[in-house]
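Engineer: Structure file protein-v4.pdb (PDB, C-alpha atoms and all ligand atoms) right here:
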ATOM      1  CA  MET S 233      15.123   0.741   5.604
ATOM      2  CA  LYS S 234      13.571  -2.477   4.321
ATOM      3  CA  LEU S 235      10.497  -3.168   2.242
ATOM      4  CA  HIS S 236       8.798  -6.486   3.034
ATOM      5  CA  ILE S 237       6.371  -7.671   0.379
ATOM      6  CA  LEU S 238       3.500  -9.107   2.420
ATOM      7  CA  GLY S 239       1.087  -9.257  -0.494
ATOM      8  CA  CYS S 240       1.678  -8.543  -4.167
ATOM      9  CA  GLY S 241      -1.481 -10.104  -5.618
ATOM     10  CA  ASP S 242      -4.471  -8.398  -7.142
ATOM     11  CA  ALA S 243      -8.026  -8.402  -5.784
ATOM     12  CA  PHE S 244      -8.506 -11.972  -7.023
ATOM     13  CA  GLY S 245      -5.494 -13.455  -5.254
ATOM     14  CA  SER S 246      -4.060 -14.384  -8.659
ATOM     15  CA  GLY S 247      -1.412 -17.084  -8.475
ATOM     16  CA  GLY S 248      -2.309 -17.676  -4.809
ATOM     17  CA  ARG S 249      -0.670 -14.383  -3.860
ATOM     18  CA  ASN S 250      -1.782 -12.341  -0.875
ATOM     19  CA  GLN S 251      -3.642  -9.113  -1.430
ATOM     20  CA  SER S 252      -1.959  -5.725  -1.114
ATOM     21  CA  GLY S 253       0.247  -5.201   1.898
ATOM     22  CA  TYR S 254       3.750  -3.690   1.997
ATOM     23  CA  LEU S 255       5.596  -3.379   5.275
ATOM     24  CA  ILE S 256       8.339  -0.800   5.693
ATOM     25  CA  GLU S 257      10.809  -1.521   8.453
ATOM     26  CA  ALA S 258      12.936   1.448   9.458
ATOM     27  CA  SER S 259      15.313   1.752  12.411
ATOM     28  CA  ASP S 260      12.570   2.946  14.765
ATOM     29  CA  ARG S 261       9.384   2.775  12.733
ATOM     30  CA  LEU S 262       7.210   0.085  11.258
ATOM     31  CA  PHE S 263       4.497   1.061   8.831
ATOM     32  CA  LEU S 264       2.275  -0.393   6.138
ATOM     33  CA  LEU S 265       1.374   0.747   2.688
ATOM     34  CA  ASP S 266      -2.107  -0.719   2.217
ATOM     35  CA  CYS S 267      -3.706  -3.426   4.290
ATOM     36  CA  GLY S 268      -5.520  -6.066   2.274
ATOM     37  CA  PRO S 269      -7.450  -8.890   3.997
ATOM     38  CA  THR S 270      -4.371 -11.155   4.158
ATOM     39  CA  THR S 271      -2.033  -8.609   5.764
ATOM     40  CA  LEU S 272      -2.201  -9.570   9.448
ATOM     41  CA  LEU S 273      -1.416 -13.213   8.770
ATOM     42  CA  ALA S 274       1.400 -12.291   6.361
ATOM     43  CA  MET S 275       2.879  -9.922   8.928
ATOM     44  CA  LYS S 276       2.868 -12.651  11.554
ATOM     45  CA  ARG S 277       4.333 -15.121   9.087
ATOM     46  CA  ALA S 278       7.156 -12.642   8.443
ATOM     47  CA  GLY S 279       7.850 -12.641  12.191
ATOM     48  CA  PHE S 280       6.596  -9.187  13.182
ATOM     49  CA  ASP S 281       4.591  -8.390  16.299
ATOM     50  CA  PRO S 282       1.546  -6.402  15.067
ATOM     51  CA  ARG S 283       1.763  -4.156  18.145
ATOM     52  CA  ARG S 284       4.912  -2.623  16.679
ATOM     53  CA  LEU S 285       2.944  -1.146  13.791
ATOM     54  CA  ASP S 286       3.003   2.682  13.876
ATOM     55  CA  VAL S 287       1.006   3.737  10.822
ATOM     56  CA  ILE S 288      -1.129   2.267   8.044
ATOM     57  CA  PHE S 289      -1.127   4.418   4.894
ATOM     58  CA  LEU S 290      -3.951   3.622   2.475
ATOM     59  CA  SER S 291      -3.790   4.364  -1.235
ATOM     60  CA  HIS S 292      -7.536   3.913  -1.741
ATOM     61  CA  LEU S 293     -10.562   2.232  -0.270
ATOM     62  CA  HIS S 294     -10.995  -0.892  -2.363
ATOM     63  CA  GLY S 295     -11.371  -4.049  -0.281
ATOM     64  CA  ASP S 296      -8.112  -5.640  -1.410
ATOM     65  CA  HIS S 297      -6.296  -2.545  -0.064
ATOM     66  CA  PHE S 298      -8.014  -1.802   3.249
ATOM     67  CA  GLY S 299     -10.144  -4.859   4.081
ATOM     68  CA  GLY S 300      -7.527  -6.232   6.493
ATOM     69  CA  ILE S 301      -7.837  -3.475   9.087
ATOM     70  CA  PRO S 302     -10.656  -5.122  11.125
ATOM     71  CA  PHE S 303      -8.357  -8.073  11.813
ATOM     72  CA  PHE S 304      -5.762  -5.713  13.291
ATOM     73  CA  PHE S 305      -8.526  -4.160  15.398
ATOM     74  CA  ILE S 306      -9.639  -7.483  16.881
ATOM     75  CA  GLU S 307      -6.003  -8.451  17.398
ATOM     76  CA  TYR S 308      -5.550  -5.310  19.517
ATOM     77  CA  LEU S 309      -8.886  -5.714  21.311
ATOM     78  CA  TYR S 310      -8.715  -9.412  22.175
ATOM     79  CA  GLN S 311      -5.158 -10.668  21.770
ATOM     80  CA  LYS S 312      -2.482  -8.084  22.401
ATOM     81  CA  SER S 313      -3.500  -4.567  23.321
ATOM     82  CA  ARG S 314      -1.527  -1.544  22.218
ATOM     83  CA  ASP S 315      -0.050   1.153  24.450
ATOM     84  CA  GLN S 316       0.185   3.708  21.666
ATOM     85  CA  PRO S 317      -2.564   4.524  19.175
ATOM     86  CA  LEU S 318      -2.404   3.129  15.680
ATOM     87  CA  HIS S 319      -2.374   5.857  13.030
ATOM     88  CA  ILE S 320      -4.409   5.241   9.880
ATOM     89  CA  ALA S 321      -4.042   7.679   6.993
ATOM     90  CA  GLY S 322      -5.958   7.539   3.739
ATOM     91  CA  PRO S 323      -8.172   9.478   1.363
ATOM     92  CA  ALA S 324     -11.266  11.328   2.597
ATOM     93  CA  GLY S 325     -13.819   8.853   3.960
ATOM     94  CA  THR S 326     -11.218   6.482   5.425
ATOM     95  CA  GLU S 327     -12.431   6.723   9.040
ATOM     96  CA  GLU S 328     -16.078   6.211   8.069
ATOM     97  CA  LYS S 329     -15.369   3.236   5.808
ATOM     98  CA  VAL S 330     -12.986   1.524   8.225
ATOM     99  CA  CYS S 331     -15.472   1.862  11.101
ATOM    100  CA  GLU S 332     -18.376   0.748   8.900
ATOM    101  CA  LEU S 333     -16.453  -2.323   7.792
ATOM    102  CA  PHE S 334     -15.546  -3.139  11.393
ATOM    103  CA  ARG S 335     -19.222  -2.839  12.375
ATOM    104  CA  LEU S 336     -20.289  -5.161   9.581
ATOM    105  CA  MET S 337     -17.639  -7.752  10.389
ATOM    106  CA  TYR S 338     -17.659  -7.727  14.193
ATOM    107  CA  GLY S 339     -20.473  -5.438  15.340
ATOM    108  CA  HIS S 340     -18.092  -2.913  16.875
ATOM    109  CA  GLY S 341     -17.109   0.553  15.792
ATOM    110  CA  SER S 342     -20.233   2.639  16.468
ATOM    111  CA  ALA S 343     -18.515   4.371  19.360
ATOM    112  CA  ALA S 344     -14.909   5.406  19.826
ATOM    113  CA  HIS S 345     -14.396   3.047  22.797
ATOM    114  CA  GLU S 346     -15.327   0.050  20.631
ATOM    115  CA  VAL S 347     -12.225   0.340  18.500
ATOM    116  CA  PRO S 348      -8.650   0.085  19.751
ATOM    117  CA  PRO S 349      -6.837   3.415  20.213
ATOM    118  CA  THR S 350      -6.678   4.819  16.685
ATOM    119  CA  ARG S 351      -5.933   8.196  15.107
ATOM    120  CA  PHE S 352      -7.305   8.761  11.661
ATOM    121  CA  HIS S 353      -5.736  11.221   9.206
ATOM    122  CA  ILE S 354      -7.016  12.392   5.839
ATOM    123  CA  LEU S 355      -4.440  12.450   3.053
ATOM    124  CA  HIS S 356      -5.202  15.402   0.811
ATOM    125  CA  PRO S 357      -3.894  15.141  -2.755
ATOM    126  CA  GLU S 358      -0.860  17.340  -3.459
ATOM    127  CA  SER S 359      -0.361  18.143   0.208
ATOM    128  CA  PHE S 360       2.573  16.877   2.314
ATOM    129  CA  THR S 361       1.635  15.246   5.607
ATOM    130  CA  ILE S 362       3.940  14.073   8.378
ATOM    131  CA  ILE S 363       2.755  11.269  10.646
ATOM    132  CA  LYS S 364       5.099   9.854  13.296
ATOM    133  CA  GLU S 365       7.911  11.693  11.464
ATOM    134  CA  ILE S 366       7.141   9.796   8.256
ATOM    135  CA  LYS S 367       6.647  12.246   5.424
ATOM    136  CA  VAL S 368       4.086  11.368   2.775
ATOM    137  CA  PHE S 369       3.164  13.154  -0.432
ATOM    138  CA  PRO S 370      -0.112  11.833  -1.890
ATOM    139  CA  PHE S 371      -1.246  12.604  -5.401
ATOM    140  CA  ARG S 372      -4.335  11.560  -7.273
ATOM    141  CA  VAL S 373      -4.066   8.773  -9.843
ATOM    142  CA  PRO S 374      -6.508   7.478 -12.489
ATOM    143  CA  HIS S 375      -8.112   4.384 -10.982
ATOM    144  CA  GLN S 376     -11.569   5.272  -9.666
ATOM    145  CA  VAL S 377     -14.045   7.728 -11.084
ATOM    146  CA  GLN S 378     -16.077   8.920  -8.088
ATOM    147  CA  GLU S 379     -13.713   8.089  -5.251
ATOM    148  CA  ILE S 380     -10.148   9.272  -4.780
ATOM    149  CA  SER S 381      -7.240   6.924  -5.453
ATOM    150  CA  LEU S 382      -3.796   8.058  -4.375
ATOM    151  CA  ALA S 383      -0.212   7.270  -5.171
ATOM    152  CA  LEU S 384       2.003   7.770  -2.139
ATOM    153  CA  LYS S 385       5.549   9.084  -2.029
ATOM    154  CA  VAL S 386       6.970   8.249   1.346
ATOM    155  CA  SER S 387      10.182   9.579   2.903
ATOM    156  CA  TYR S 388      11.875   8.459   6.092
ATOM    157  CA  ASP S 389      15.456   8.070   7.306
ATOM    158  CA  GLY S 390      16.721   9.868   4.194
ATOM    159  CA  LYS S 391      15.138   7.251   1.900
ATOM    160  CA  GLU S 392      12.325   7.709  -0.541
ATOM    161  CA  LEU S 393       9.807   5.255  -1.951
ATOM    162  CA  LEU S 394       7.034   5.829  -4.460
ATOM    163  CA  PHE S 395       3.998   3.536  -4.379
ATOM    164  CA  SER S 396       1.582   3.799  -7.289
ATOM    165  CA  GLY S 397      -1.392   2.340  -5.431
ATOM    166  CA  ASP S 398      -3.835   1.055  -8.059
ATOM    167  CA  SER S 399      -3.717   3.207 -11.172
ATOM    168  CA  ALA S 400      -3.625   3.296 -14.922
ATOM    169  CA  TRP S 401      -0.328   4.633 -16.262
ATOM    170  CA  THR S 402       0.081   8.366 -15.757
ATOM    171  CA  ASP S 403       3.064  10.551 -16.666
ATOM    172  CA  ARG S 404       2.980  11.885 -13.111
ATOM    173  CA  PHE S 405       4.902   8.744 -12.242
ATOM    174  CA  LEU S 406       7.802  10.071 -14.335
ATOM    175  CA  ASP S 407       8.056  13.270 -12.281
ATOM    176  CA  GLN S 408       7.447  11.696  -8.924
ATOM    177  CA  ALA S 409       9.685   8.660  -9.438
ATOM    178  CA  ARG S 410      12.717  10.771 -10.345
ATOM    179  CA  ALA S 411      15.599   9.800  -8.042
ATOM    180  CA  VAL S 412      13.457   7.813  -5.616
ATOM    181  CA  ASP S 413      15.212   4.817  -4.109
ATOM    182  CA  LEU S 414      12.424   2.447  -5.088
ATOM    183  CA  PHE S 415       9.300   2.733  -7.213
ATOM    184  CA  LEU S 416       6.731   0.080  -6.362
ATOM    185  CA  CYS S 417       4.440   0.173  -9.362
ATOM    186  CA  GLU S 418       1.281  -1.794  -9.899
ATOM    187  CA  CYS S 419       1.192  -3.762 -13.146
ATOM    188  CA  SER S 420      -1.980  -5.799 -13.174
ATOM    189  CA  PHE S 421      -1.985  -6.698 -16.868
ATOM    190  CA  TYR S 422       0.431  -7.496 -19.662
ATOM    191  CA  ASP S 423      -1.409  -6.027 -22.617
ATOM    192  CA  ALA S 424      -5.062  -6.324 -21.696
ATOM    193  CA  GLY S 425      -6.368  -3.111 -20.310
ATOM    194  CA  THR S 426      -9.344  -2.004 -18.324
ATOM    195  CA  GLY S 427      -8.282   1.631 -18.303
ATOM    196  CA  ASN S 428      -7.815   1.701 -14.553
ATOM    197  CA  HIS S 429      -4.679  -0.421 -14.113
ATOM    198  CA  VAL S 430      -1.172  -0.330 -15.580
ATOM    199  CA  ASN S 431      -0.440  -2.763 -18.359
ATOM    200  CA  TYR S 432       3.125  -3.854 -18.971
ATOM    201  CA  LEU S 433       3.398  -2.804 -22.612
ATOM    202  CA  LYS S 434       2.434   0.752 -21.698
ATOM    203  CA  LEU S 435       4.912   0.744 -18.837
ATOM    204  CA  ARG S 436       7.660  -0.602 -21.106
ATOM    205  CA  GLU S 437       7.195   2.297 -23.533
ATOM    206  CA  ASN S 438       7.932   4.648 -20.658
ATOM    207  CA  LEU S 439      10.897   2.824 -19.134
ATOM    208  CA  PRO S 440      13.558   4.935 -20.906
ATOM    209  CA  ARG S 441      12.043   8.039 -19.271
ATOM    210  CA  LEU S 442      11.671   6.530 -15.813
ATOM    211  CA  GLN S 443      14.519   7.622 -13.547
ATOM    212  CA  CYS S 444      13.987   5.750 -10.295
ATOM    213  CA  ARG S 445      16.887   3.852  -8.718
ATOM    214  CA  LYS S 446      14.947   0.596  -8.543
ATOM    215  CA  LEU S 447      11.640  -0.526 -10.043
ATOM    216  CA  VAL S 448       9.521  -3.350  -8.632
ATOM    217  CA  LEU S 449       6.250  -4.415 -10.257
ATOM    218  CA  THR S 450       3.366  -5.593  -8.106
ATOM    219  CA  HIS S 451      -0.438  -6.197  -7.927
ATOM    220  CA  LEU S 452       0.165  -8.858 -10.553
ATOM    221  CA  GLY S 453      -2.786 -10.480 -12.295
ATOM    222  CA  GLU S 454      -3.005 -13.846 -14.056
ATOM    223  CA  GLU S 455      -1.969 -12.409 -17.421
ATOM    224  CA  MET S 456       1.238 -10.954 -15.973
ATOM    225  CA  LEU S 457       2.055 -14.187 -14.171
ATOM    226  CA  ALA S 458       1.551 -16.177 -17.378
ATOM    227  CA  ARG S 459       3.982 -13.855 -19.247
ATOM    228  CA  LYS S 460       6.713 -13.786 -16.567
ATOM    229  CA  LYS S 461       9.370 -15.015 -18.986
ATOM    230  CA  ASP S 462       8.721 -12.035 -21.312
ATOM    231  CA  ILE S 463       9.339  -9.494 -18.564
ATOM    232  CA  SER S 464      12.800  -8.306 -17.631
ATOM    233  CA  GLU S 465      11.801  -5.999 -14.771
ATOM    234  CA  MET S 466      11.757  -7.165 -11.158
ATOM    235  CA  LEU S 467       8.438  -8.763 -10.205
ATOM    236  CA  ALA S 468       7.414  -8.816  -6.561
ATOM    237  CA  GLU S 469       6.834 -12.110  -4.775
ATOM    238  CA  ASP S 470       5.227 -12.524  -1.376
ATOM    239  CA  GLY S 471       7.954 -12.765   1.248
ATOM    240  CA  MET S 472      10.550 -10.784  -0.731
ATOM    241  CA  VAL S 473      12.561  -8.199   1.185
ATOM    242  CA  PHE S 474      14.208  -5.197  -0.491
ATOM    243  CA  GLU S 475      16.863  -3.035   1.128
ATOM    244  CA  ILE S 476      15.977   0.559   0.284
TER     245      ILE S 476
HETATM  246 ZN    ZN E   1      -6.238  -3.568  -6.050
HETATM  247 ZN    ZN E   2      -8.331  -0.675  -6.630
END
With the file now loaded, output its structure as structure tokens.
Ligand SMILES: [Zn+2]
Ligand SMILES: [Zn+2]
Structural biologist:
Amino acid sequence: MKLHILGCGDAFGSGGRNQSGYLIEASDRLFLLDCGPTTLLAMKRAGFDPRRLDVIFLSHLHGDHFGGIPFFFIEYLYQKSRDQPLHIAGPAGTEEKVCELFRLMYGHGSAAHEVPPTRFHILHPESFTIIKEIKVFPFRVPHQVQEISLALKVSYDGKELLFSGDSAWTDRFLDQARAVDLFLCECSFYDAGTGNHVNYLKLRENLPRLQCRKLVLTHLGEEMLARKKDISEMLAEDGMVFEI
């Protein structure tokens, strides 16, 4: 299984990086973790046919994480139609927000026939879901107050990956990252903190307790990029590919 970093930037495109999009390529599955506005173009640049996409898993409904879905919809409506439905799984409200966004951007989405064949799934915190044989365990993380933000633990082909989504540090990452093949953890800041994103100094305190096989930091803001030389952990770059 391979992880393709399509976008490891934050909401502001810091450092000219694409917004959140992580493509998992398995033997017979292709799926995304998050779908920021730059995801379709990054997927094409990486040489993938968007029709091959089986599932989009969404960690939360901030624009830099789901705002790219309308571009996939118009791709399927006007460029290359799909035979099989696209599955989209995210926190409660995903279907409504995706369709509302599509309506605002292209005037479609009020009726089922106006969107390409799509199956929406709600990811309930603490509850395993299997979609196209991909197993996902979502759990709630501290990022939004009213809305639900999820971290996603994904298993397929005997491999396991934990994706933090956007979140402040939480000790749940210690439990859930234990023995996973790769932990893709957001790290927006170095030592500044807004209380809803990980900062590197906090992460570093916890590194001795973190027992994942590989750690990759992502969703990198300007402060992190400016302190690259002070960081020994692996930092994601757009276009990187990791064998899981
Ligand atoms: Zn974000
Ligand atoms: Zn967010």
Engineer: Could you list the protein, DNA and RNA residues that have any atom within 10 Å of ligand ZN 1 (chain E), counting all atoms listed in the file, and write them as a ChimeraX atom specification?
Structural biologist: /S:240-245,251-252,266,268,291-298,375,397-399,418,420,429,451-453
Engineer: Please report, as lines of an AutoDock Vina configuration file, the centre and edge lengths in Å to one decimal of an axis-aligned box covering all listed atoms of range 234-253 of chain S with 8 Å per side.
Structural biologist:
center_x = 2.5
center_y = -10.1
center_z = -2.2
size_x = 38.1
size_y = 31.2
size_z = 29.0
Engineer: Give the answer as one residue: which of S:Lys385, S:Arg314, S:Lys446, S:Arg459 has the shortest atom-to-atom distance to Thr361 in chain S, using all atoms listed in the file?
Structural biologist: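 Checking each of S:Lys385, S:Arg314, S:Lys446, S:Arg459 against Thr361 in chain S, counting all atoms listed in the file, the winner is S:Lys385.
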Engineer: Fewer than 4 positions away in the same chain doesn't count, so skip those; otherwise give me all residues within 12 Å of Thr426 in chain S, counting only C-alpha atoms, as a list of chain:residue names.
Structural biologist: S:Pro374, S:His375, S:Gln376, S:Ser399, S:Ala400, S:Trp401, S:Cys419, S:Ser420, S:Phe421, S:Tyr422, S:Val430, S:Asn431
Engineer: Which one is closest to ligand ZN 2 (chain E): S:Ile320, S:Ile363, S:Ile476, S:Leu290? Count all atoms listed in the file.
Structural biologist: S:Leu290
Engineer: Rounded to one decimal place, report the CA of Leu414 in chain S-CA of Leu442 in chain S distance in Å.
Structural biologist: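 Separation of CA of Leu414 in chain S and CA of Leu442 in chain S: 11.5 Å.
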Engineer: What does the distance between CA of Glu328 in chain S and CA of Val377 in chain S come to in Å, to one decimal place?
Structural biologist: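 Taking CA of Glu328 in chain S and CA of Val377 in chain S, their separation equals 19.3 Å.
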Engineer: Go ahead and compute the interatomic distance for CA of Leu416 in chain S and CA of Leu433 in chain S, in Å to one decimal.
Structural biologist: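 Taking CA of Leu416 in chain S and CA of Leu433 in chain S, their separation equals 16.8 Å.
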Engineer: Between S:Ala383, S:Thr402, S:Val287, S:Tyr338, single out the one closest to ligand ZN 2 (chain E), counting all atoms listed in the file.
Structural biologist: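 Comparing S:Ala383, S:Thr402, S:Val287, S:Tyr338 against ligand ZN 2 (chain E), the winner is S:Ala383.
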Engineer: Taking only C-alpha atoms into account, which of S:Leu333, S:Leu309, S:Val473, S:Met275 comes nearest His345 in chain S?
Structural biologist: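 Using only C-alpha atoms, the shortest distance to His345 in chain S belongs to S:Leu309.
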Engineer: With all atoms listed in the file as the atoms that count, which of S:Phe289, S:Phe334, S:Phe474, S:Phe371 lies nearest to Leu447 in chain S?
Structural biologist: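 Closest to Leu447 in chain S of all the choices is S:Phe474.
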Engineer: Looking at S:Leu406, S:Met456, S:Val386, S:Val373, which one is nearest to ligand ZN 2 (chain E), with distances taken over only C-alpha atoms and all ligand atoms?
Structural biologist: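 When distances to ligand ZN 2 (chain E) are compared using only C-alpha atoms and all ligand atoms, the smallest one comes from S:Val373.
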Engineer: Name the residues captured by the PyMOL selection byres (((chain S and resi 262) around 6) and not hetatm) when it is applied to the shown file; answer as a ChimeraX atom specification.
Structural biologist: /S:256-257,261,263,285-286
Engineer: Would you write out those residues with C-alpha atoms, as a short mmCIF file (atom, residue, chain, number, x, y, z; two decimals), keeping the file's coordinate frame?
Structural biologist:
data_model
loop_
_atom_site.label_atom_id
_atom_site.label_comp_id
_atom_site.auth_asym_id
_atom_site.auth_seq_id
_atom_site.Cartn_x
_atom_site.Cartn_y
_atom_site.Cartn_z
CA ILE S 256 8.34 -0.80 5.69
CA GLU S 257 10.81 -1.52 8.45
CA ARG S 261 9.38 2.78 12.73
CA PHE S 263 4.50 1.06 8.83
CA LEU S 285 2.94 -1.15 13.79
CA ASP S 286 3.00 2.68 13.88
#
